[in-house]
Amino acid sequence: MVKTARYYLICENKDIYKILWKVQDNTREIKNKAVQILWEWHNFSHDFKKEQGDSPDPKEVLNYSVEGYIYDKLKAESRLNTANLSSTIQLVIKAFTTSLKDFLKGEKSIINYKKNQPLDICKRSIRLSHENNIFYVDISLLNKKFAKECNGGSCSFKFKVVVRDKSSRAIIERCYDKVYSVSGSKLCYDTKKKMWYLNLCYGFEPDVNTELDKDCVLGVNLSMVHPIVASVKDELDRLTIDGGELEHMRKTTEARRISLLRQGKNCGDGRIGHGYKKRVQPVQKIGDKIARTRDTLNHKYSRALIDYAVSKNCGTIQMEELKGIAKDKVFLKNWSYYDLQQKIENKAKEKGIDVVYINPAYTSQRCSKCGCIHEENRKEQDFVCLECGFKANADFNASQNIAIKDIDKIIKAECKAVKK
C-alpha cells in the first residue's frame with residue numbers, strides 16, 4: 001500500500017531555489033514536447049491503420065519503444081538526470097493514454113502543462129539522513145552537464161526536512177529505518193508559503209485482518225446533521241458522529257471570511273497599494289485554515305468509522321454513491337463528502353475491509369423494518385413509517401437500509417412491483 005506525506009524543505013544556500021525554478025521551467029517544456037510527440041505518433045498510427053489495416057510497430061518505425069523514442073529526442077534538452085527524466089516521460093505517457101478517448105470525443109482539450117510543475121523524483125534519487133535529531137533529504141535531480149553549469153558539478157541537493165508533528169516524524173523515521181519503502185515522489189513549490197516541499201511517497205504492507213466477516217455489512221449514512229451514522233442491520237448499536245464541531249467551525253470561519261472581504265474595501269495602509277493579492281491575503285489564510293480543519297476532521301471521522309467496523313467484525317462497508325448529490329444538501333457538498341469517502345476507503349484497505357458504493361435513491365424514505373417507501377415517512381430527523389409505524393432517527397434508519405447487501409437493487413425491484 002502506498003501513501004503520501006508532505007514535508008517542507010529548507011536549504012541554507014538560497015541559490016539552490018533559483019536552480020530549482022529553472023529545472024521546473026525545463027520540466028514543463030519537456031512535458032509539453034512529450035505530449036506533442038505522442039499526439040503526432042497517434043495521428044501517424046491512425047493514418048497507418050487506415051491504409052494498412054493494422055497498427056504500426058513502434059520498434060519497426062522508430063527503432064525504439066514510444067517511451068524510448070521520446071527520451072532520445074528530449075534528453076539533450078533536459079536538465080533532469082536519466083532516472084528522473086524517464087519517470088517524467090512515463091507519467092506523461094500514462095496521462096496522455098488515460099485521457100485520449102476524452103480528447104477524441106471533444107470532451108477534453110489536449111493536455112497542456114502549465115507553470116509551477118511538480119518535479120518527478122524516482123525512488124533511487126531520494127536519500128534520507130539523520131543528524132543531531134534533524135532529518136535531511138538528499139535529492140539527486142540534475143544531469144551532469146547542467147550540474148557543471150550551475151551547481152559546481154553536484155547533481156544533488158541537500159535539504160533540512162521540516163517535521164511538523166508526531167505523525168510526520170513517525171512516518172519519516174520509518175522511511176529512514178526502512179520499515180517503510182520510499183517510492184517515486186514529487187518535489188513541488190508552494191506559491192502561498194513560498195517554500196519547496198517533498199510529497200514523499202512511501203509503501204508498507206497493510207495490517208489486513210483476515211478474520212473480518214465479508215458478509216457482515218456496515219451501512220454508513222453521510223448527512224448534514226450527522227456527518228456519519230453507521231450501523232449493522234438489525235442492531236440497535238450505532239456509531240453517531242455529531243456535526244456540531246463541524247458546523248460551528250464552518251459558521252465561524254465563513255463569517256470571518258465575509259468580514260475580511262468587506263474590510264478589504266476600507267483596509268489599512270499595510271494592504272493598500274499592493275494590488276489585489278495583498279488585499280485578499282487574510283481571506284486566503286482563512287481558506288487555508290478551513291481546508292486544514294476539514295482535512296483533520298475527515299481523518300478523525302474516517303478513523304473512528306474503521307475502528308468501529310473492526311469492533312463489529314465487519315469485512316464490508318457500504319456507502320451511498322454521492323456524485324450526483326442534490327442541491328438541497330449544500331452543506332454536505334461543501335464539506336467535501338468525496339474527501340471523507342476517500343479517507344474511509346484508504347483506511348479500509350489497511351484493514352482489508354471492502355468498500356461498496358450503492359445508488360442512494362430512496363434509502364432515506366424506505367422503512368428498514370417493512371420496506372415501505374414513501375416520501376412522508378421521513379420528516380427532518382424523525383422517521384415514522386406510514387405502513388408499520390416503525391419509529392427511529394432518520395439517519396439511523398437510512399444506515400440500516402444501506403447495511404443491506406444490494407439494497408439499491410432491492411429498492412429498484414420494490415419500486416417496479418409498486419408501479420405494476
# chains A, B, ... in the order shown; residues from 1 in each chain; ligands from 1

call {"tool": "select_by_dssp", "arguments": {"residues": "stretch 3-208 of chain A", "states": "strand (DSSP E)", "output": "PDB file with N, CA, C and O atoms, in the first residue's frame"}}
result
ATOM      1  N   LYS A   3       1.242   5.460   0.308  1.00  0.00           N
ATOM      2  CA  LYS A   3       0.656   6.701   0.811  1.00  0.00           C
ATOM      3  C   LYS A   3       1.619   7.860   0.558  1.00  0.00           C
ATOM      4  O   LYS A   3       2.776   7.648   0.161  1.00  0.00           O
ATOM      5  N   THR A   4       1.131   9.074   0.805  1.00  0.00           N
ATOM      6  CA  THR A   4       1.944  10.274   0.583  1.00  0.00           C
ATOM      7  C   THR A   4       1.941  11.158   1.813  1.00  0.00           C
ATOM      8  O   THR A   4       0.906  11.338   2.455  1.00  0.00           O
ATOM      9  N   ALA A   5       3.097  11.710   2.150  1.00  0.00           N
ATOM     10  CA  ALA A   5       3.218  12.676   3.255  1.00  0.00           C
ATOM     11  C   ALA A   5       3.960  13.906   2.743  1.00  0.00           C
ATOM     12  O   ALA A   5       4.918  13.792   1.974  1.00  0.00           O
ATOM     13  N   ARG A   6       3.502  15.073   3.172  1.00  0.00           N
ATOM     14  CA  ARG A   6       4.119  16.323   2.718  1.00  0.00           C
ATOM     15  C   ARG A   6       5.143  16.818   3.738  1.00  0.00           C
ATOM     16  O   ARG A   6       4.835  16.923   4.921  1.00  0.00           O
ATOM     17  N   TYR A   7       6.351  17.142   3.241  1.00  0.00           N
ATOM     18  CA  TYR A   7       7.406  17.687   4.099  1.00  0.00           C
ATOM     19  C   TYR A   7       8.000  18.933   3.443  1.00  0.00           C
ATOM     20  O   TYR A   7       8.521  18.871   2.320  1.00  0.00           O
ATOM     21  N   TYR A   8       7.915  20.059   4.148  1.00  0.00           N
ATOM     22  CA  TYR A   8       8.524  21.281   3.650  1.00  0.00           C
ATOM     23  C   TYR A   8      10.039  21.211   3.833  1.00  0.00           C
ATOM     24  O   TYR A   8      10.525  20.585   4.791  1.00  0.00           O
ATOM     25  N   LEU A   9      10.752  21.833   2.913  1.00  0.00           N
ATOM     26  CA  LEU A   9      12.211  21.717   2.867  1.00  0.00           C
ATOM     27  C   LEU A   9      12.879  23.089   3.025  1.00  0.00           C
ATOM     28  O   LEU A   9      12.366  24.097   2.546  1.00  0.00           O
ATOM     29  N   ILE A  10      14.021  23.090   3.690  1.00  0.00           N
ATOM     30  CA  ILE A  10      14.791  24.323   3.895  1.00  0.00           C
ATOM     31  C   ILE A  10      16.228  24.083   3.442  1.00  0.00           C
ATOM     32  O   ILE A  10      16.831  23.052   3.766  1.00  0.00           O
ATOM     33  N   LEU A 119       8.223  18.403  -9.802  1.00  0.00           N
ATOM     34  CA  LEU A 119       9.358  17.680 -10.365  1.00  0.00           C
ATOM     35  C   LEU A 119       9.264  16.219  -9.936  1.00  0.00           C
ATOM     36  O   LEU A 119       9.180  15.921  -8.750  1.00  0.00           O
ATOM     37  N   ASP A 120       9.261  15.325 -10.901  1.00  0.00           N
ATOM     38  CA  ASP A 120       9.131  13.899 -10.615  1.00  0.00           C
ATOM     39  C   ASP A 120      10.481  13.338 -10.184  1.00  0.00           C
ATOM     40  O   ASP A 120      11.478  13.458 -10.908  1.00  0.00           O
ATOM     41  N   ILE A 121      10.508  12.725  -9.017  1.00  0.00           N
ATOM     42  CA  ILE A 121      11.748  12.183  -8.455  1.00  0.00           C
ATOM     43  C   ILE A 121      11.594  10.677  -8.301  1.00  0.00           C
ATOM     44  O   ILE A 121      10.699  10.201  -7.591  1.00  0.00           O
ATOM     45  N   ILE A 126      16.286   9.593  -4.010  1.00  0.00           N
ATOM     46  CA  ILE A 126      15.956  10.136  -2.687  1.00  0.00           C
ATOM     47  C   ILE A 126      16.756   9.384  -1.621  1.00  0.00           C
ATOM     48  O   ILE A 126      16.722   8.152  -1.562  1.00  0.00           O
ATOM     49  N   ARG A 127      17.468  10.140  -0.806  1.00  0.00           N
ATOM     50  CA  ARG A 127      18.233   9.509   0.284  1.00  0.00           C
ATOM     51  C   ARG A 127      18.036  10.309   1.564  1.00  0.00           C
ATOM     52  O   ARG A 127      18.306  11.513   1.610  1.00  0.00           O
ATOM     53  N   LEU A 128      17.536   9.638   2.598  1.00  0.00           N
ATOM     54  CA  LEU A 128      17.283  10.285   3.888  1.00  0.00           C
ATOM     55  C   LEU A 128      18.488  10.120   4.808  1.00  0.00           C
ATOM     56  O   LEU A 128      19.160   9.080   4.796  1.00  0.00           O
ATOM     57  N   SER A 129      18.748  11.156   5.616  1.00  0.00           N
ATOM     58  CA  SER A 129      19.814  11.072   6.626  1.00  0.00           C
ATOM     59  C   SER A 129      19.324  11.732   7.914  1.00  0.00           C
ATOM     60  O   SER A 129      18.343  12.480   7.911  1.00  0.00           O
ATOM     61  N   HIS A 130      20.022  11.439   9.008  1.00  0.00           N
ATOM     62  CA  HIS A 130      19.586  11.920  10.320  1.00  0.00           C
ATOM     63  C   HIS A 130      20.815  12.391  11.101  1.00  0.00           C
ATOM     64  O   HIS A 130      21.731  11.615  11.360  1.00  0.00           O
ATOM     65  N   GLU A 131      20.836  13.685  11.465  1.00  0.00           N
ATOM     66  CA  GLU A 131      21.966  14.243  12.212  1.00  0.00           C
ATOM     67  C   GLU A 131      21.449  15.164  13.314  1.00  0.00           C
ATOM     68  O   GLU A 131      20.630  16.059  13.052  1.00  0.00           O
ATOM     69  N   ILE A 134      17.836  15.894  13.608  1.00  0.00           N
ATOM     70  CA  ILE A 134      17.233  16.591  12.471  1.00  0.00           C
ATOM     71  C   ILE A 134      17.311  15.676  11.249  1.00  0.00           C
ATOM     72  O   ILE A 134      18.344  15.055  10.984  1.00  0.00           O
ATOM     73  N   PHE A 135      16.222  15.602  10.512  1.00  0.00           N
ATOM     74  CA  PHE A 135      16.207  14.795   9.291  1.00  0.00           C
ATOM     75  C   PHE A 135      16.588  15.660   8.097  1.00  0.00           C
ATOM     76  O   PHE A 135      16.182  16.824   7.983  1.00  0.00           O
ATOM     77  N   TYR A 136      17.367  15.053   7.199  1.00  0.00           N
ATOM     78  CA  TYR A 136      17.754  15.709   5.953  1.00  0.00           C
ATOM     79  C   TYR A 136      17.399  14.783   4.789  1.00  0.00           C
ATOM     80  O   TYR A 136      17.319  13.560   4.957  1.00  0.00           O
ATOM     81  N   VAL A 137      17.191  15.394   3.619  1.00  0.00           N
ATOM     82  CA  VAL A 137      16.950  14.586   2.426  1.00  0.00           C
ATOM     83  C   VAL A 137      17.870  15.075   1.310  1.00  0.00           C
ATOM     84  O   VAL A 137      17.967  16.270   1.048  1.00  0.00           O
ATOM     85  N   ASP A 138      18.580  14.138   0.719  1.00  0.00           N
ATOM     86  CA  ASP A 138      19.391  14.413  -0.459  1.00  0.00           C
ATOM     87  C   ASP A 138      18.588  13.995  -1.683  1.00  0.00           C
ATOM     88  O   ASP A 138      18.177  12.829  -1.786  1.00  0.00           O
ATOM     89  N   ILE A 139      18.386  14.934  -2.596  1.00  0.00           N
ATOM     90  CA  ILE A 139      17.618  14.650  -3.804  1.00  0.00           C
ATOM     91  C   ILE A 139      18.531  14.787  -5.008  1.00  0.00           C
ATOM     92  O   ILE A 139      19.027  15.880  -5.315  1.00  0.00           O
ATOM     93  N   SER A 140      18.779  13.684  -5.676  1.00  0.00           N
ATOM     94  CA  SER A 140      19.577  13.700  -6.909  1.00  0.00           C
ATOM     95  C   SER A 140      18.644  14.098  -8.048  1.00  0.00           C
ATOM     96  O   SER A 140      17.688  13.383  -8.348  1.00  0.00           O
ATOM     97  N   SER A 156      23.062  16.678  -6.934  1.00  0.00           N
ATOM     98  CA  SER A 156      22.046  16.551  -5.885  1.00  0.00           C
ATOM     99  C   SER A 156      21.987  17.789  -4.993  1.00  0.00           C
ATOM    100  O   SER A 156      22.903  18.613  -4.980  1.00  0.00           O
ATOM    101  N   PHE A 157      20.897  17.902  -4.254  1.00  0.00           N
ATOM    102  CA  PHE A 157      20.681  18.996  -3.305  1.00  0.00           C
ATOM    103  C   PHE A 157      20.353  18.400  -1.944  1.00  0.00           C
ATOM    104  O   PHE A 157      19.626  17.400  -1.854  1.00  0.00           O
ATOM    105  N   LYS A 158      20.852  19.033  -0.901  1.00  0.00           N
ATOM    106  CA  LYS A 158      20.561  18.571   0.454  1.00  0.00           C
ATOM    107  C   LYS A 158      19.658  19.584   1.152  1.00  0.00           C
ATOM    108  O   LYS A 158      19.957  20.774   1.198  1.00  0.00           O
ATOM    109  N   PHE A 159      18.558  19.090   1.701  1.00  0.00           N
ATOM    110  CA  PHE A 159      17.593  19.955   2.373  1.00  0.00           C
ATOM    111  C   PHE A 159      17.352  19.480   3.804  1.00  0.00           C
ATOM    112  O   PHE A 159      17.371  18.272   4.083  1.00  0.00           O
ATOM    113  N   LYS A 160      17.098  20.438   4.679  1.00  0.00           N
ATOM    114  CA  LYS A 160      16.616  20.127   6.020  1.00  0.00           C
ATOM    115  C   LYS A 160      15.114  19.884   5.910  1.00  0.00           C
ATOM    116  O   LYS A 160      14.389  20.641   5.273  1.00  0.00           O
ATOM    117  N   VAL A 161      14.632  18.822   6.554  1.00  0.00           N
ATOM    118  CA  VAL A 161      13.219  18.462   6.490  1.00  0.00           C
ATOM    119  C   VAL A 161      12.486  19.073   7.680  1.00  0.00           C
ATOM    120  O   VAL A 161      12.899  18.897   8.832  1.00  0.00           O
ATOM    121  N   VAL A 162      11.395  19.782   7.405  1.00  0.00           N
ATOM    122  CA  VAL A 162      10.559  20.360   8.465  1.00  0.00           C
ATOM    123  C   VAL A 162       9.553  19.300   8.909  1.00  0.00           C
ATOM    124  O   VAL A 162       8.683  18.895   8.144  1.00  0.00           O
ATOM    125  N   SER A 181       9.023   1.559   2.663  1.00  0.00           N
ATOM    126  CA  SER A 181       9.867   1.713   1.471  1.00  0.00           C
ATOM    127  C   SER A 181       9.491   3.006   0.751  1.00  0.00           C
ATOM    128  O   SER A 181       8.314   3.299   0.548  1.00  0.00           O
ATOM    129  N   VAL A 182      10.497   3.798   0.389  1.00  0.00           N
ATOM    130  CA  VAL A 182      10.262   5.061  -0.314  1.00  0.00           C
ATOM    131  C   VAL A 182      10.014   4.778  -1.788  1.00  0.00           C
ATOM    132  O   VAL A 182      10.738   4.008  -2.413  1.00  0.00           O
ATOM    133  N   SER A 185       8.539  10.029  -5.839  1.00  0.00           N
ATOM    134  CA  SER A 185       7.884  11.143  -5.157  1.00  0.00           C
ATOM    135  C   SER A 185       7.906  12.389  -6.039  1.00  0.00           C
ATOM    136  O   SER A 185       8.369  12.350  -7.178  1.00  0.00           O
ATOM    137  N   LYS A 186       7.415  13.516  -5.497  1.00  0.00           N
ATOM    138  CA  LYS A 186       7.362  14.758  -6.254  1.00  0.00           C
ATOM    139  C   LYS A 186       7.904  15.915  -5.416  1.00  0.00           C
ATOM    140  O   LYS A 186       7.575  16.029  -4.237  1.00  0.00           O
ATOM    141  N   LEU A 187       8.696  16.749  -6.067  1.00  0.00           N
ATOM    142  CA  LEU A 187       9.212  17.971  -5.450  1.00  0.00           C
ATOM    143  C   LEU A 187       8.373  19.129  -5.992  1.00  0.00           C
ATOM    144  O   LEU A 187       8.317  19.341  -7.207  1.00  0.00           O
ATOM    145  N   CYS A 188       7.694  19.850  -5.093  1.00  0.00           N
ATOM    146  CA  CYS A 188       6.724  20.870  -5.508  1.00  0.00           C
ATOM    147  C   CYS A 188       7.033  22.211  -4.841  1.00  0.00           C
ATOM    148  O   CYS A 188       7.686  22.271  -3.806  1.00  0.00           O
ATOM    149  N   TYR A 189       6.472  23.275  -5.439  1.00  0.00           N
ATOM    150  CA  TYR A 189       6.642  24.615  -4.883  1.00  0.00           C
ATOM    151  C   TYR A 189       5.294  25.146  -4.423  1.00  0.00           C
ATOM    152  O   TYR A 189       4.325  25.174  -5.176  1.00  0.00           O
ATOM    153  N   ASP A 190       5.234  25.556  -3.157  1.00  0.00           N
ATOM    154  CA  ASP A 190       4.023  26.137  -2.577  1.00  0.00           C
ATOM    155  C   ASP A 190       4.077  27.650  -2.795  1.00  0.00           C
ATOM    156  O   ASP A 190       4.864  28.352  -2.170  1.00  0.00           O
ATOM    157  N   MET A 195       7.636  28.155  -0.379  1.00  0.00           N
ATOM    158  CA  MET A 195       8.568  27.125   0.077  1.00  0.00           C
ATOM    159  C   MET A 195       8.443  25.897  -0.828  1.00  0.00           C
ATOM    160  O   MET A 195       7.361  25.606  -1.355  1.00  0.00           O
ATOM    161  N   TRP A 196       9.546  25.199  -0.978  1.00  0.00           N
ATOM    162  CA  TRP A 196       9.516  23.917  -1.678  1.00  0.00           C
ATOM    163  C   TRP A 196       9.164  22.827  -0.674  1.00  0.00           C
ATOM    164  O   TRP A 196       9.507  22.913   0.501  1.00  0.00           O
ATOM    165  N   TYR A 197       8.465  21.813  -1.152  1.00  0.00           N
ATOM    166  CA  TYR A 197       8.149  20.677  -0.284  1.00  0.00           C
ATOM    167  C   TYR A 197       8.229  19.375  -1.080  1.00  0.00           C
ATOM    168  O   TYR A 197       8.125  19.368  -2.311  1.00  0.00           O
ATOM    169  N   LEU A 198       8.440  18.309  -0.346  1.00  0.00           N
ATOM    170  CA  LEU A 198       8.535  16.982  -0.946  1.00  0.00           C
ATOM    171  C   LEU A 198       7.273  16.201  -0.623  1.00  0.00           C
ATOM    172  O   LEU A 198       6.933  16.006   0.537  1.00  0.00           O
ATOM    173  N   ASN A 199       6.551  15.799  -1.663  1.00  0.00           N
ATOM    174  CA  ASN A 199       5.448  14.864  -1.490  1.00  0.00           C
ATOM    175  C   ASN A 199       6.060  13.467  -1.474  1.00  0.00           C
ATOM    176  O   ASN A 199       6.266  12.846  -2.523  1.00  0.00           O
ATOM    177  N   LEU A 200       6.382  13.011  -0.280  1.00  0.00           N
ATOM    178  CA  LEU A 200       7.112  11.755  -0.109  1.00  0.00           C
ATOM    179  C   LEU A 200       6.149  10.571  -0.178  1.00  0.00           C
ATOM    180  O   LEU A 200       5.250  10.432   0.656  1.00  0.00           O
ATOM    181  N   CYS A 201       6.333   9.734  -1.172  1.00  0.00           N
ATOM    182  CA  CYS A 201       5.510   8.523  -1.306  1.00  0.00           C
ATOM    183  C   CYS A 201       6.217   7.366  -0.607  1.00  0.00           C
ATOM    184  O   CYS A 201       7.411   7.151  -0.809  1.00  0.00           O
ATOM    185  N   TYR A 202       5.476   6.651   0.214  1.00  0.00           N
ATOM    186  CA  TYR A 202       6.052   5.524   0.942  1.00  0.00           C
ATOM    187  C   TYR A 202       5.079   4.349   0.929  1.00  0.00           C
ATOM    188  O   TYR A 202       3.856   4.519   0.841  1.00  0.00           O
ATOM    189  N   GLY A 203       5.628   3.164   0.978  1.00  0.00           N
ATOM    190  CA  GLY A 203       4.796   1.960   0.915  1.00  0.00           C
ATOM    191  C   GLY A 203       5.008   1.066   2.111  1.00  0.00           C
ATOM    192  O   GLY A 203       6.063   1.083   2.748  1.00  0.00           O
TER     193      GLY A 203
END

call {"tool": "closest_atom_pairs", "arguments": {"of": "stretch 28-141 of chain A", "to": "stretch 147-153 of chain A", "cutoff": "10 Å", "atoms": "only C-alpha atoms", "output": "CSV"}}
result
residue,atom,partner,partner_atom,distance
A:Arg79,CA,A:Ala147,CA,8.3
A:Leu80,CA,A:Ala147,CA,9.5
A:Asn81,CA,A:Ala147,CA,9.6
A:Leu141,CA,A:Ala147,CA,9.1

call {"tool": "atom_distance", "arguments": {"atom1": "atom CA of A:Gly68", "atom2": "atom CA of A:Ile37"}}
result
11.8 Å

call {"tool": "closest_residue", "arguments": {"among": "A:Leu222, A:Cys155, A:Ala83, A:Val310", "to": "A:Lys123", "atoms": "only C-alpha atoms"}}
result
A:Ala83

call {"tool": "atom_distance", "arguments": {"atom1": "atom CA of A:Lys166", "atom2": "atom CA of A:Asp307"}}
result
20.6 Å

call {"tool": "residues_around", "arguments": {"residues": "A:Cys122", "least_positions_apart": "2", "cutoff": "6 Å", "atoms": "only C-alpha atoms", "output": "ChimeraX atom specification"}}
result
/A:84,124-125,184

call {"tool": "residues_around", "arguments": {"residues": "A:Asp406", "least_positions_apart": "3", "cutoff": "8 Å", "atoms": "only C-alpha atoms", "output": "number ranges by chain"}}
result
A: 358, 409-410

call {"tool": "atom_distance", "arguments": {"atom1": "atom CA of A:Ser364", "atom2": "atom CA of A:Ser311"}}
result
25.7 Å

call {"tool": "select_by_dssp", "arguments": {"residues": "stretch 150-190 of chain A", "states": "alpha helix (DSSP H)", "output": "PyMOL selection string"}}
result
chain A and resi 150+166-176

call {"tool": "closest_residue", "arguments": {"among": "A:Glu414, A:Glu40, A:Asp57, A:Asp295", "to": "A:Gln342", "atoms": "only C-alpha atoms"}}
result
A:Asp295

call {"tool": "closest_residue", "arguments": {"among": "A:Cys388, A:Lys194, A:Cys314, A:Thr293", "to": "A:Trp21", "atoms": "only C-alpha atoms"}}
result
A:Lys194

call {"tool": "residues_around", "arguments": {"residues": "A:His226", "least_positions_apart": "4", "cutoff": "8 Å", "atoms": "only C-alpha atoms", "output": "list in words"}}
result
Leu222, Thr240, Ile241, Asp242, Gly243 and Asp395 of chain A
